[in-house]
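Each remark here refers to the structure printed beneath this line.
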Amino acid sequence: MGMSENSKGVILAVASSAFIGSSFILKKKGLKRAGATGARAGVGGYTYLVEPLWWAGMITMIIGEVANFVAYVYAPAVLVTPLGALSIIVSAVLAHFMLNERIQKMGIVGCVSCIVGSVVIVIHAPQEHALNSVLEIWNLATQPAFLIYVAATLSIVLALVLHFEPRYGQTNILVYLGICSLMGSLTVVSIKAIGIAIKLTLDGISQVAYPQTWFFVTVAAICVITQLNYLNKALDTFNAALVSPVYYVMFTTLTIIASVIMFKDWSGQNVSSIASEICGFITVLSGTIILHSTREQEPPPPVGTVTWYVSNDSIKSPEDEHLITLRSSDYYEP
């Protein structure tokens, strides 16, 4: 008996998490190594572009994203999206050994929670519905329930962009991440449609001539660009330790809602299985929040501080030198 579609999706999703989690560590090591020989990326430096480790991390991340893309072709988003939390575990464990970023005891609890929740979701996940044409996907996308979701999503995004962002974007993290998550949910369903179209085309049933295929490509491109733009704004404005768990919770929740409405992932499942999936999902979310909240944060570089050594003996180590430190707060304009 061959491997089921869901099993292929799970294997690809787990592999994706492993690659993406590893890529964070490789890129961070590359950035640290580049920062030791030139200007740091945080202050506008680009020396990391000639650092092999950083490129290894980028290639690893691309492989992970491709695996994640293909996973959506074989399994429902209800199953694939929550498994993305495993990348956090991979990066946390590798950071513990490779970057000396210690995992706290509660962080271990968070890791275990993510794993337990993921297992529960895999056990009770629905089977992927077979779709034989991009026209079938188009019919799902134009059903009244999903059109209402799209209209509500775009209305909220417009309100956030036009009204709330100018007033509260720099103070309320939910503004930027709300835009990211709402557009991200449309990104996932569009990418899933594109993936199915590519799979059918490779199987000999070409979907290239259908305008609906290119419509999904256009929607995915617009959503991805918007999503990345506002995610960068959120990361630039707020602490990454806060952005990551909040974004994961909002993005995953809205993606599951969009997928359930459009692809009817829960159709045919009993109440017990749906309740188990929801409990598993909540367990994964809780573990993600615990893991992020207990990770050690790097101290930020001091702002407005200039330090230099004063000594006639060039052989002395920096610890032996006399230090003079000037802080911008010590001086005031008349």
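For the structure tokens, the naming scheme is as follows: chains receive sequential letters (A, B, ...) according to their order of presentation, residues are indexed from 1 within each chain, and ligands are indexed from 1 in presentation order.
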
Considering only C-alpha atoms, give me a table of residues in range 212-290 of chain A that are at most 9 Å from range 118-140 of chain A, with the closest atom pair and distance in Å for each, as a tab-separated table.
residue	atom	partner	partner_atom	distance
A:Gln212	CA	A:Trp138	CA	6.8
A:Thr213	CA	A:Val134	CA	6.6
A:Ile261	CA	A:Leu140	CA	8.9
A:Met262	CA	A:Leu140	CA	5.6
A:Phe263	CA	A:Leu140	CA	6.6
A:Lys264	CA	A:His129	CA	8.6
A:Asp265	CA	A:Pro126	CA	6.4
A:Trp266	CA	A:Pro126	CA	6.5
A:Ser267	CA	A:Pro126	CA	8.4
A:Gly268	CA	A:Pro126	CA	8.5
A:Gln269	CA	A:Pro126	CA	6.9
A:Ser272	CA	A:His124	CA	9.0
A:Ser273	CA	A:His124	CA	5.5
A:Ile274	CA	A:His124	CA	7.5
A:Ser276	CA	A:His124	CA	6.6
A:Glu277	CA	A:Ile121	CA	5.0
A:Ile278	CA	A:Ile121	CA	8.0
A:Cys279	CA	A:Val120	CA	8.1
A:Gly280	CA	A:Val120	CA	5.3
A:Phe281	CA	A:Ile121	CA	6.9
A:Thr283	CA	A:Ser118	CA	8.3
A:Val284	CA	A:Ser118	CA	6.6

Do you have, as a tab-separated table, the list of residues of range 145-231 of chain A lying at most 8 Å from range 63-70 of chain A, each with its nearest atom pair and that distance in Å to one decimal, counting only C-alpha atoms and ordered by chain then number?
residue	atom	partner	partner_atom	distance
A:Ile191	CA	A:Phe69	CA	7.2
A:Lys192	CA	A:Phe69	CA	7.5
A:Gly195	CA	A:Val70	CA	6.6

Could you give me, as a list in words, the residues within 12 Å of His292 in chain A, counting only C-alpha atoms and dropping anything in the same chain fewer than 5 positions from it? Ala85, Ile88, Ile89, Ser91, Ala92, Ile103, Gln104, Met106, Gly107, Ile108, Val109, Gly110, Cys111, Cys114, Asn239, Ala240, Ala241, Leu242, Val243, Ser244, Pro245, Val246, Tyr247, Tyr248, Leu285, Ser286, Gly287 and Gln297 of chain A

Got a sec: who's within 12 Å of Trp55 in chain A, counting only C-alpha atoms, leaving out chain neighbours fewer than 3 positions off, as a ChimeraX atom specification? /A:23-31,34,47-52,58-62

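Minimum distance to Ile289 in chain A across A:Ser113, A:Ser7, A:Thr255, A:Thr218 (counting only C-alpha atoms) occurs at A:Ser113.
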
Pairwise distance for CA of Ile198 in chain A and CA of Tyr74 in chain A, rounded to one decimal in Å: 12.1 Å
